[in-house]
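Here is protein.txt, consisting of compact mmCIF, C-alpha atoms:
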# COMPACT_ATOMS: atom_id res chain seq x y z
CA MET A 1 0.00 0.00 0.00
CA SER A 2 2.53 2.53 1.14
CA ALA A 3 4.70 1.44 -1.76
CA VAL A 4 1.87 2.33 -4.06
CA GLU A 5 1.25 5.64 -2.39
CA ARG A 6 4.83 6.75 -2.44
CA PRO A 7 5.18 7.32 -6.16
CA VAL A 8 2.10 9.52 -5.91
CA GLU A 9 3.78 11.88 -3.48
CA PRO A 10 6.28 13.42 -5.84
CA ALA A 11 3.47 14.05 -8.26
CA ALA A 12 1.51 15.79 -5.52
CA ALA A 13 4.57 17.82 -4.69
CA VAL A 14 4.74 18.91 -8.28
CA ARG A 15 1.13 20.01 -8.31
CA PRO A 16 1.63 23.41 -6.63
CA ALA A 17 4.01 24.33 -9.41
CA GLU A 18 1.32 23.52 -11.91
CA PRO A 19 -0.73 26.73 -12.21
CA GLU A 20 0.61 27.05 -15.75
CA PRO A 21 -2.20 25.03 -17.34
CA ALA A 22 -4.70 27.20 -15.49
CA ALA A 23 -3.10 30.32 -16.90
CA ASP A 24 -3.09 28.60 -20.27
CA ALA A 25 -6.79 27.81 -20.05
CA ARG A 26 -7.51 31.46 -19.42
CA ARG A 27 -5.44 32.47 -22.41
CA THR A 28 -6.80 30.09 -25.01
CA PRO A 29 -10.23 29.39 -26.40
CA GLY A 30 -13.37 31.51 -26.59
CA GLU A 31 -13.41 35.19 -25.71
CA GLY A 32 -15.44 34.66 -22.54
CA GLY A 33 -15.46 38.38 -21.84
CA ILE A 34 -17.80 39.18 -24.71
CA TRP A 35 -20.53 37.56 -22.64
CA VAL A 36 -20.01 40.19 -19.97
CA PHE A 37 -20.64 42.78 -22.66
CA ILE A 38 -23.66 40.92 -24.05
CA LEU A 39 -25.38 40.28 -20.73
CA ALA A 40 -24.72 43.82 -19.53
CA ASP A 41 -25.99 45.27 -22.78
CA MET A 42 -29.13 43.14 -22.74
CA THR A 43 -29.82 44.40 -19.23
CA VAL A 44 -29.85 47.96 -20.55
CA PHE A 45 -32.17 46.99 -23.37
CA ALA A 46 -34.40 45.31 -20.81
CA LEU A 47 -34.74 48.76 -19.19
CA MET A 48 -35.77 50.18 -22.56
CA PHE A 49 -38.27 47.36 -23.12
CA GLY A 50 -39.66 48.05 -19.66
CA ALA A 51 -40.05 51.74 -20.55
CA LEU A 52 -42.10 50.78 -23.62
CA VAL A 53 -44.33 48.41 -21.67
CA LEU A 54 -44.96 51.12 -19.07
CA LEU A 55 -45.67 53.68 -21.76
CA GLN A 56 -48.21 51.37 -23.39
CA ALA A 57 -49.90 50.63 -20.07
CA ASP A 58 -50.03 54.35 -19.31
CA ASP A 59 -52.05 55.25 -22.41
CA PRO A 60 -52.81 52.34 -24.78
CA ALA A 61 -54.75 54.55 -27.21
CA ARG A 62 -51.85 56.97 -27.72
CA TYR A 63 -49.43 54.07 -28.10
CA GLU A 64 -51.62 52.56 -30.81
CA LEU A 65 -51.94 55.92 -32.55
CA GLY A 66 -48.15 56.10 -32.69
CA GLN A 67 -47.89 52.55 -34.00
CA ASP A 68 -50.29 53.43 -36.82
CA HIS A 69 -47.66 55.80 -38.23
CA LEU A 70 -44.92 53.16 -38.35
CA HIS A 71 -44.38 51.13 -41.50
CA VAL A 72 -44.93 47.56 -40.36
CA GLY A 73 -43.81 46.29 -43.77
CA VAL A 74 -40.39 47.91 -43.35
CA GLY A 75 -40.17 46.54 -39.82
CA VAL A 76 -40.94 43.02 -41.03
CA ALA A 77 -38.43 43.39 -43.86
CA ASN A 78 -35.75 44.48 -41.40
CA THR A 79 -36.58 41.54 -39.14
CA ILE A 80 -36.19 39.11 -42.04
CA VAL A 81 -32.95 40.82 -43.09
CA LEU A 82 -31.46 40.43 -39.61
CA LEU A 83 -32.68 36.85 -39.20
CA GLY A 84 -31.07 36.06 -42.55
CA SER A 85 -27.83 37.66 -41.45
CA SER A 86 -27.88 35.65 -38.23
CA LEU A 87 -28.35 32.43 -40.18
CA ALA A 88 -25.45 33.39 -42.46
CA VAL A 89 -23.26 34.12 -39.43
CA ALA A 90 -24.17 30.82 -37.74
CA LEU A 91 -23.32 28.85 -40.89
CA ALA A 92 -20.15 30.88 -41.39
CA VAL A 93 -18.95 30.05 -37.88
CA ARG A 94 -19.56 26.36 -38.52
CA HIS A 95 -17.45 26.57 -41.68
CA ALA A 96 -14.74 28.56 -39.92
CA ARG A 97 -14.52 25.96 -37.16
CA ALA A 98 -14.14 23.25 -39.80
CA GLY A 99 -11.37 25.28 -41.41
CA ALA A 100 -13.37 26.01 -44.57
CA LEU A 101 -12.52 29.69 -44.70
CA VAL A 102 -13.66 30.47 -48.25
CA PRO A 103 -17.36 29.67 -47.67
CA ALA A 104 -17.07 31.22 -44.21
CA ARG A 105 -15.87 34.47 -45.72
CA ARG A 106 -18.66 34.46 -48.31
CA LEU A 107 -21.30 33.94 -45.62
CA PHE A 108 -19.84 36.65 -43.39
CA SER A 109 -19.90 38.99 -46.40
CA VAL A 110 -23.58 38.15 -46.89
CA ALA A 111 -24.21 39.06 -43.26
CA PHE A 112 -22.30 42.32 -43.77
CA GLY A 113 -24.51 43.07 -46.79
CA CYS A 114 -27.62 42.36 -44.70
CA ALA A 115 -26.41 44.80 -42.05
CA LEU A 116 -25.97 47.48 -44.71
CA LEU A 117 -29.46 46.73 -45.99
CA PHE A 118 -30.82 47.08 -42.46
CA TRP A 119 -29.18 50.49 -42.23
CA ALA A 120 -30.66 51.55 -45.57
CA LEU A 121 -34.17 50.41 -44.64
CA LYS A 122 -33.97 52.19 -41.30
CA LEU A 123 -32.81 55.36 -42.99
CA TYR A 124 -35.72 55.08 -45.43
CA GLU A 125 -38.14 54.64 -42.53
CA TYR A 126 -36.73 57.60 -40.60
CA THR A 127 -36.89 59.94 -43.61
CA SER A 128 -40.34 58.69 -44.56
CA LEU A 129 -41.61 59.33 -41.02
CA GLY A 130 -39.97 62.73 -41.15
CA GLY A 131 -41.81 63.39 -44.39
CA ASP A 132 -45.07 62.57 -42.61
CA GLY A 133 -44.20 65.34 -40.19
CA VAL A 134 -43.47 62.91 -37.33
CA SER A 135 -40.53 63.68 -35.05
CA ALA A 136 -39.20 62.56 -31.70
CA ARG A 137 -40.82 65.66 -30.20
CA GLU A 138 -44.30 64.51 -31.23
CA ASN A 139 -44.87 62.48 -28.05
CA GLU A 140 -43.14 59.95 -25.82
CA PHE A 141 -43.95 57.08 -28.17
CA PHE A 142 -41.95 58.65 -30.97
CA LEU A 143 -39.26 59.86 -28.60
CA TYR A 144 -38.71 56.24 -27.57
CA TYR A 145 -39.19 54.93 -31.09
CA PHE A 146 -36.44 57.14 -32.49
CA SER A 147 -34.05 56.93 -29.56
CA PHE A 148 -34.33 53.17 -28.95
CA THR A 149 -34.10 52.22 -32.62
CA GLY A 150 -31.27 54.77 -32.85
CA VAL A 151 -29.38 53.07 -30.01
CA HIS A 152 -30.01 49.75 -31.74
CA LEU A 153 -28.71 51.21 -35.01
CA LEU A 154 -25.57 52.24 -33.12
CA HIS A 155 -25.20 48.56 -32.24
CA VAL A 156 -25.69 47.60 -35.89
CA THR A 157 -22.97 50.10 -36.82
CA LEU A 158 -20.57 48.57 -34.31
CA GLY A 159 -21.60 45.18 -35.72
CA LEU A 160 -20.66 46.35 -39.23
CA ALA A 161 -17.18 47.10 -37.96
CA GLY A 162 -17.07 43.71 -36.22
CA LEU A 163 -18.26 41.81 -39.28
CA ALA A 164 -15.76 43.67 -41.47
CA GLY A 165 -13.02 42.58 -39.05
CA VAL A 166 -14.21 38.99 -39.18
CA VAL A 167 -14.33 39.02 -42.99
CA ARG A 168 -10.75 40.26 -42.98
CA LEU A 169 -9.69 37.51 -40.57
CA THR A 170 -11.16 34.81 -42.80
CA ARG A 171 -8.95 36.00 -45.68
CA ARG A 172 -6.04 34.27 -43.98
CA PRO A 173 -4.96 30.82 -45.09
CA ALA A 174 -5.75 29.36 -41.66
CA LEU A 175 -6.97 30.57 -38.28
CA SER A 176 -5.10 30.30 -35.01
CA ASP A 177 -7.07 29.41 -31.87
CA HIS A 178 -7.08 33.05 -30.90
CA GLU A 179 -8.36 34.16 -34.30
CA ARG A 180 -11.07 31.52 -34.26
CA SER A 181 -12.23 32.79 -30.88
CA LEU A 182 -12.27 36.33 -32.30
CA VAL A 183 -14.53 35.10 -35.10
CA GLU A 184 -16.86 33.56 -32.53
CA THR A 185 -16.78 36.78 -30.52
CA GLY A 186 -17.96 38.81 -33.51
CA ALA A 187 -20.64 36.24 -34.30
CA SER A 188 -21.98 36.19 -30.72
CA TYR A 189 -22.23 39.97 -30.72
CA TRP A 190 -24.09 39.91 -34.02
CA HIS A 191 -26.62 37.37 -32.74
CA MET A 192 -27.31 39.71 -29.83
CA VAL A 193 -27.96 42.61 -32.21
CA ASP A 194 -30.46 40.40 -34.04
CA LEU A 195 -32.14 39.22 -30.85
CA LEU A 196 -32.52 42.76 -29.49
CA TRP A 197 -34.10 43.91 -32.72
CA ILE A 198 -36.68 41.12 -32.64
CA VAL A 199 -37.89 42.20 -29.19
CA LEU A 200 -37.71 45.88 -30.12
CA PHE A 201 -39.66 45.22 -33.33
CA ALA A 202 -42.35 43.28 -31.47
CA LEU A 203 -42.74 45.96 -28.80
CA LEU A 204 -42.74 48.96 -31.13
CA TYR A 205 -44.69 47.65 -34.10
CA LEU A 206 -46.95 44.90 -32.76
CA TYR A 207 -47.37 45.15 -28.98
CA GLY A 208 -50.64 46.20 -27.44
CA MET B 1 8.41 53.34 0.27
CA THR B 2 8.13 50.98 -2.65
CA SER B 3 6.36 51.69 -5.89
CA THR B 4 3.90 48.89 -5.10
CA ARG B 5 2.94 50.64 -1.91
CA ILE B 6 2.46 53.97 -3.66
CA GLN B 7 0.35 52.30 -6.31
CA ARG B 8 -1.78 50.71 -3.61
CA TRP B 9 -2.51 54.18 -2.21
CA CYS B 10 -3.30 55.36 -5.71
CA ALA B 11 -5.74 52.50 -6.24
CA TRP B 12 -7.45 53.24 -2.92
CA SER B 13 -7.93 56.82 -4.02
CA GLY B 14 -10.34 55.56 -6.70
CA ILE B 15 -12.54 54.24 -3.91
CA ALA B 16 -12.00 57.42 -1.90
CA PHE B 17 -13.19 59.43 -4.89
CA LEU B 18 -16.42 57.43 -5.06
CA VAL B 19 -17.22 57.79 -1.36
CA ILE B 20 -16.43 61.51 -1.16
CA PHE B 21 -17.93 62.44 -4.51
CA PHE B 22 -21.25 60.70 -4.05
CA THR B 23 -21.56 61.87 -0.44
CA GLY B 24 -20.88 65.44 -1.57
CA ALA B 25 -23.32 65.17 -4.46
CA MET B 26 -26.08 64.01 -2.12
CA MET B 27 -25.35 66.84 0.32
CA ALA B 28 -25.44 69.35 -2.55
CA GLN B 29 -28.69 67.79 -3.77
CA VAL B 30 -27.43 67.22 -7.28
CA LEU B 31 -27.98 63.55 -6.46
CA PRO B 32 -30.78 62.58 -6.91
CA PRO B 33 -30.87 65.08 -9.77
CA PRO B 34 -33.42 67.88 -9.79
CA SER B 35 -35.83 67.89 -12.71
CA PRO B 36 -34.92 69.87 -15.84
CA THR B 37 -38.56 70.99 -15.94
CA GLN B 38 -38.24 72.99 -12.71
CA THR B 39 -39.33 76.63 -13.01
CA PRO B 40 -36.76 79.35 -12.21
CA ALA B 41 -38.56 79.95 -8.89
CA GLU B 42 -38.28 76.27 -7.98
CA VAL B 43 -34.60 76.17 -8.89
CA ALA B 44 -33.91 79.27 -6.81
CA ALA B 45 -35.91 77.88 -3.87
CA GLN B 46 -33.98 74.63 -3.98
CA TRP B 47 -30.59 76.35 -3.87
CA SER B 48 -31.76 78.67 -1.08
CA SER B 49 -32.69 75.87 1.31
CA HIS B 50 -29.91 74.28 3.39
CA ALA B 51 -27.48 76.55 1.52
CA ASP B 52 -24.51 75.82 3.78
CA LEU B 53 -25.04 72.07 3.58
CA LYS B 54 -25.00 72.38 -0.19
CA ARG B 55 -21.83 74.49 -0.11
CA ALA B 56 -20.12 71.88 2.06
CA GLY B 57 -21.26 69.15 -0.33
CA LEU B 58 -19.81 71.06 -3.27
CA CYS B 59 -16.49 71.40 -1.43
CA LEU B 60 -16.45 67.63 -1.00
CA MET B 61 -17.18 67.14 -4.70
CA MET B 62 -14.29 69.45 -5.59
CA ILE B 63 -11.93 67.67 -3.21
CA SER B 64 -13.00 64.25 -4.49
CA ALA B 65 -11.94 65.17 -8.04
CA GLY B 66 -8.34 65.40 -6.83
CA PHE B 67 -8.40 61.71 -5.95
CA LEU B 68 -8.85 60.86 -9.61
CA PHE B 69 -5.29 62.00 -10.37
CA PRO B 70 -3.53 59.20 -8.46
CA PHE B 71 -6.19 56.72 -9.54
CA THR B 72 -5.44 57.56 -13.18
CA ALA B 73 -1.71 57.32 -12.57
CA ALA B 74 -2.08 53.86 -11.03
CA ILE B 75 -3.94 52.59 -14.10
CA SER B 76 -1.29 53.95 -16.44
CA ALA B 77 1.47 52.40 -14.33
CA GLN B 78 -0.10 49.01 -15.07
CA LEU B 79 -0.84 49.81 -18.72
CA ARG B 80 2.84 50.69 -19.09
CA ARG B 81 3.74 47.19 -17.92
CA ILE B 82 1.40 45.74 -20.55
CA GLU B 83 2.67 47.94 -23.38
CA GLY B 84 6.28 47.45 -22.27
CA HIS B 85 6.96 51.17 -22.56
CA THR B 86 5.03 54.43 -22.24
CA GLY B 87 2.98 53.58 -25.31
CA PRO B 88 -0.05 55.29 -26.83
CA LEU B 89 -2.64 53.51 -24.65
CA THR B 90 -0.75 54.35 -21.47
CA MET B 91 -0.62 57.98 -22.54
CA LEU B 92 -4.20 58.05 -23.78
CA GLN B 93 -5.48 56.76 -20.45
CA LEU B 94 -3.34 59.30 -18.62
CA ILE B 95 -4.48 62.26 -20.71
CA ALA B 96 -8.14 61.22 -20.62
CA GLY B 97 -8.08 60.58 -16.87
CA GLY B 98 -6.47 63.97 -16.28
CA VAL B 99 -9.08 65.76 -18.35
CA GLY B 100 -11.75 63.67 -16.64
CA VAL B 101 -10.90 65.57 -13.45
CA PHE B 102 -11.86 68.74 -15.29
CA ALA B 103 -15.16 67.13 -16.32
CA ILE B 104 -15.97 66.90 -12.60
CA LEU B 105 -14.45 70.21 -11.56
CA MET B 106 -16.03 72.42 -14.20
CA PRO B 107 -19.69 71.80 -13.34
CA THR B 108 -18.85 71.61 -9.62
CA MET B 109 -17.40 75.10 -9.74
CA LEU B 110 -20.44 76.40 -11.60
CA PHE B 111 -22.58 74.83 -8.87
CA MET B 112 -20.39 76.69 -6.36
CA GLY B 113 -21.12 79.94 -8.16
CA ILE B 114 -24.84 79.19 -7.87
CA ALA B 115 -24.61 78.26 -4.19
CA PHE B 116 -22.58 81.38 -3.37
CA ARG B 117 -25.49 83.82 -3.86
CA PRO B 118 -28.77 81.88 -4.19
CA GLU B 119 -30.91 84.95 -3.37
CA ARG B 120 -30.15 86.51 -6.79
CA ALA B 121 -32.85 86.79 -9.49
CA PRO B 122 -34.31 83.28 -10.03
CA GLU B 123 -33.87 83.47 -13.81
CA VAL B 124 -30.14 83.90 -13.37
CA THR B 125 -29.90 80.95 -10.98
CA SER B 126 -31.95 78.84 -13.36
CA GLY B 127 -29.71 79.75 -16.30
CA LEU B 128 -26.57 78.94 -14.33
CA MET B 129 -28.13 75.65 -13.30
CA ASP B 130 -28.65 74.68 -16.95
CA ALA B 131 -25.09 75.69 -17.74
CA ALA B 132 -23.82 73.50 -14.88
CA PHE B 133 -26.06 70.46 -15.01
CA VAL B 134 -25.93 69.78 -18.74
CA PRO B 135 -22.12 69.46 -18.81
CA PHE B 136 -22.20 67.63 -15.46
CA VAL B 137 -24.08 64.70 -17.01
CA ILE B 138 -23.29 64.93 -20.71
CA ASN B 139 -19.49 65.17 -20.63
CA PHE B 140 -18.44 61.67 -21.61
CA PRO B 141 -15.40 61.97 -23.94
CA PRO B 142 -12.74 61.81 -21.18
CA VAL B 143 -14.10 58.75 -19.39
CA PHE B 144 -15.03 57.19 -22.74
CA ALA B 145 -11.43 57.44 -23.92
CA GLN B 146 -10.22 56.16 -20.56
CA CYS B 147 -12.43 53.06 -20.74
CA VAL B 148 -11.47 52.31 -24.34
CA ALA B 149 -7.73 52.75 -23.68
CA PHE B 150 -7.99 50.50 -20.63
CA GLY B 151 -9.98 47.86 -22.53
CA LEU B 152 -7.64 47.78 -25.52
CA ALA B 153 -4.61 47.47 -23.26
CA VAL B 154 -6.21 44.59 -21.36
CA LEU B 155 -6.84 42.75 -24.63
CA LEU B 156 -3.17 43.31 -25.54
CA GLN B 157 -1.92 41.45 -22.46
CA ARG B 158 0.62 38.82 -23.45
CA GLY B 159 2.89 36.36 -21.69
CA ALA B 160 3.37 36.72 -17.97
CA VAL B 161 2.24 40.36 -17.74
CA ARG B 162 -1.49 40.08 -17.07
CA PRO B 163 -2.51 42.56 -14.39
CA PHE B 164 -6.20 42.52 -15.39
CA PRO B 165 -8.67 39.75 -16.31
CA ARG B 166 -9.70 39.81 -19.95
CA TRP B 167 -13.41 40.20 -19.21
CA SER B 168 -12.71 43.58 -17.63
CA ALA B 169 -11.84 44.79 -21.16
CA TRP B 170 -15.28 43.90 -22.45
CA PHE B 171 -16.91 45.43 -19.41
CA SER B 172 -15.00 48.65 -20.13
CA PHE B 173 -16.09 48.69 -23.76
CA TRP B 174 -19.68 48.27 -22.65
CA VAL B 175 -19.35 51.16 -20.19
CA ALA B 176 -17.81 53.38 -22.88
CA PHE B 177 -20.55 52.48 -25.33
CA LEU B 178 -23.30 53.33 -22.86
CA PHE B 179 -22.09 56.89 -22.39
CA LEU B 180 -22.82 57.71 -26.03
CA PRO B 181 -26.65 58.06 -25.95
CA GLY B 182 -26.23 60.56 -23.10
CA VAL B 183 -26.04 63.31 -25.72
CA LEU B 184 -29.83 62.95 -26.01
CA LEU B 185 -30.26 64.81 -22.71
CA LEU B 186 -29.52 68.01 -24.60
CA PHE B 187 -32.61 67.45 -26.72
CA PHE B 188 -35.24 66.32 -24.23
CA ARG B 189 -36.39 67.67 -20.88
CA THR B 190 -38.62 64.74 -20.01
CA SER B 191 -38.49 60.94 -20.37
CA ALA B 192 -35.70 58.44 -19.70
CA TRP B 193 -33.30 60.58 -21.76
CA ALA B 194 -33.77 63.77 -19.72
CA TRP B 195 -30.85 64.82 -17.47
CA ASP B 196 -32.66 63.21 -14.53
CA GLY B 197 -33.78 60.21 -16.59
CA LEU B 198 -33.23 56.51 -16.04
CA LEU B 199 -30.95 56.09 -19.06
CA SER B 200 -29.20 59.46 -19.25
CA PHE B 201 -28.53 59.89 -15.55
CA TRP B 202 -29.04 56.84 -13.34
CA LEU B 203 -27.58 54.26 -15.67
CA VAL B 204 -24.59 56.46 -16.52
CA ALA B 205 -23.98 57.37 -12.87
CA ALA B 206 -24.11 53.68 -11.91
CA ILE B 207 -21.74 52.46 -14.61
CA PHE B 208 -19.35 55.38 -14.10
CA GLY B 209 -19.15 54.58 -10.40
CA GLY B 210 -19.09 50.85 -11.14
CA TRP B 211 -16.15 51.17 -13.52
CA ILE B 212 -14.05 53.14 -11.04
CA LEU B 213 -14.89 50.67 -8.27
CA LEU B 214 -14.08 47.68 -10.46
CA VAL B 215 -10.76 49.07 -11.70
CA SER B 216 -9.75 50.06 -8.14
CA ILE B 217 -10.45 46.53 -6.93
CA LEU B 218 -8.62 44.95 -9.86
CA LEU B 219 -5.62 47.24 -9.24
CA LEU B 220 -5.54 46.28 -5.57
CA ARG B 221 -5.81 42.60 -6.48
CA THR B 222 -2.90 42.85 -8.90
CA LEU B 223 -0.79 44.77 -6.41
CA ARG B 224 -1.55 42.25 -3.67
CA GLN B 225 0.17 39.61 -5.75
CA GLY B 226 2.85 41.96 -4.68
CA ASP B 227 6.09 41.03 -6.43
CA ASP B 228 8.35 43.72 -7.80
CA ALA B 229 7.04 42.98 -11.28
CA ALA B 230 3.61 44.29 -10.31
CA ALA B 231 5.17 47.65 -9.63
CA GLY B 232 6.88 47.61 -12.98
CA ALA B 233 10.28 47.52 -11.28
CA PRO B 234 12.56 45.36 -13.45
CA ALA B 235 14.00 46.10 -16.89
CA GLU B 236 11.69 49.08 -17.44
CA ALA B 237 13.29 50.90 -14.52
CA VAL B 238 16.11 51.70 -16.93
CA ALA B 239 13.79 53.32 -19.47

Encoding of this model in structure tokens:
Amino acid sequence: MSAVERPVEPAAAVRPAEPEPAADARRTPGEGGIWVFILADMTVFALMFGALVLLQADDPARYELGQDHLHVGVGVANTIVLLGSSLAVALAVRHARAGALVPARRLFSVAFGCALLFWALKLYEYTSLGGDGVSARENEFFLYYFSFTGVHLLHVTLGLAGLAGVVRLTRRPALSDHERSLVETGASYWHMVDLLWIVLFALLYLYG
Amino acid sequence: MTSTRIQRWCAWSGIAFLVIFFTGAMMAQVLPPPSPTQTPAEVAAQWSSHADLKRAGLCLMMISAGFLFPFTAAISAQLRRIEGHTGPLTMLQLIAGGVGVFAILMPTMLFMGIAFRPERAPEVTSGLMDAAFVPFVINFPPVFAQCVAFGLAVLLQRGAVRPFPRWSAWFSFWVAFLFLPGVLLLFFRTSAWAWDGLLSFWLVAAIFGGWILLVSILLLRTLRQGDDAAAGAPAEAVA
């Protein structure tokens, strides 16, 4: 027994000197920190969603009157555009993980195009509403409509930069572990942008 | 007196800032914020009541700003270790943190001007209040640059020099990002975007305080590991 235990002891003595793998694990895969950003950001959007729910409860008729001005068709189109981009990103990540960088790059470019299209549609909607004489000063519904979709558009803009970075990364012949985790980081962020829009769309265009 | 020990004092001054600043702001009744829809008479009445308490609170706010100098220096001391020399991020953080002190001092001193003679014509007090409170809440570029410089440096950490956990970079980016919509307070006097609103004021105040608290704690944690390296002593001492 003790003869069996003895050889274990040196190994145990070595263990304290072993924090290297732990440090390694922290260094390598997956940019865990992006989830701090995502969860924190979703908390802020939850506040905005709460503000909309309260506004609707406060005066349902006024809320509906505001909704009547919005172009549901454009909202639906933007939702489809973002869902499409999310699908492209998800497939692209799968390709990138498998090392197939050419299709991954194509799919990320599609997502980038979708993001541009989202921007264009939003701009069309803003100018069209402006043409109808609607502004953020009209009432609280439009104040929140313009500011919350504006904050979301800021996220889309940051996402454009992120997707552009990811497209550039996938130009390389192969990805290191770190680069692969960067690709996943950009993709996770983009999925959040999509998710937030779906809730925002439902609350602004359909709710009540 | 070692550099580690000085840096520890510097890190504690971040926490000292928070305690003194928020205490002072509550005494001066700028926290919780008064409504931007107050009439001139209401503004004047508010500054006239408990005038000396408010003045004392403003003094505390002014004093607290001084604690941001060493706090900023402690961050840059660590960023310098990461960059390996006094690189652009180290300098950016230092410049932005220094100007951030002004972002606190400028409105505080305008508040002091208001508190000095609150019995003046209410319209004047109300105008001064606008001139003080808008910059007080809206002025994000310094702390924005500070958060971004800190975050980028944390992501640059390589090899054995890792004073901060990587997630703190993403937290900093999020904080920086959230300051941006604050510009809306210039456009609206009611709603969540007003200067006393949930998103323009409370959220920003919470994340601003939260970032300073977090970075202070992370600095103290790094310095507790306490070797000479944490103070940036070796090799670089020559530079």

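When all atoms listed in the file are used to measure the gap to Val74 of chain A, the shortest distance among A:Leu47, A:Leu169, A:Leu121, A:Ile38 belongs to A:Leu121.
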
inquiry  = Taking 2 positions as the minimum chain separation for residues in the same chain, which residues sit within 7 Å of segment 69-84 of chain B when counting all atoms listed in the file? Answer as a list of chain:residue names.
reply    = B:Gln7, B:Cys10, B:Ala11, B:Ser13, B:Gly14, B:Gly66, B:Phe67, B:Thr86, B:Gly87, B:Thr90, B:Gln93, B:Leu94, B:Gly97, B:Gly98, B:Ala153, B:Gln157, B:Val161, B:Pro163, B:Gly232

message = I need the contact residues of chain A against chain B, so if you could list those with any atom within 9 Å, counting all atoms listed in the file, and return them as a PyMOL selection string, that would help.
response = chain A and resi 26-27+31-38+40-41+44+47-48+51+137+140+143-144+147+150-151

Pick out the residues sitting within 9 Å of Leu129 of chain A, and hand them over as a short mmCIF file (atom, residue, chain, number, x, y, z; two decimals) with C-alpha atoms, in the frame of the given file; count all atoms listed in the file, and ignore anything fewer than 4 positions along from it in its own chain.
data_model
loop_
_atom_site.label_atom_id
_atom_site.label_comp_id
_atom_site.auth_asym_id
_atom_site.auth_seq_id
_atom_site.Cartn_x
_atom_site.Cartn_y
_atom_site.Cartn_z
CA HIS A 69 -47.66 55.80 -38.23
CA LEU A 70 -44.92 53.16 -38.35
CA HIS A 71 -44.38 51.13 -41.50
CA TYR A 124 -35.72 55.08 -45.43
CA GLU A 125 -38.14 54.64 -42.53
CA GLY A 133 -44.20 65.34 -40.19
CA VAL A 134 -43.47 62.91 -37.33
CA SER A 135 -40.53 63.68 -35.05
#

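Atom pair atom CA of Ala90 of chain A / atom CA of Phe112 of chain A: separated by 13.1 Å.
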
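The spacing separating atom CA of Asn139 of chain A from atom CA of Gly66 of chain A amounts to 8.5 Å.
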
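Computed from the coordinates, the atom CA of Gly50 of chain A to atom CA of Ser86 of chain A distance equals 25.2 Å.
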
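When all atoms listed in the file are used to measure the gap to Leu204 of chain A, the shortest distance among A:Thr157, A:Ser128, A:Ser85, A:Thr149 belongs to A:Thr149.
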
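The shortest atom-to-atom distance to Ser3 of chain B, with all atoms listed in the file taken into account, belongs to B:Leu223 out of B:Leu223, B:Leu53, B:Val148, B:Cys59.
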
Within 10 Å of Val134 of chain B using all atoms listed in the file, minus same-chain residues under 5 positions, as number ranges by chain = B: 36, 107, 129, 139, 183, 185-186, 194-195
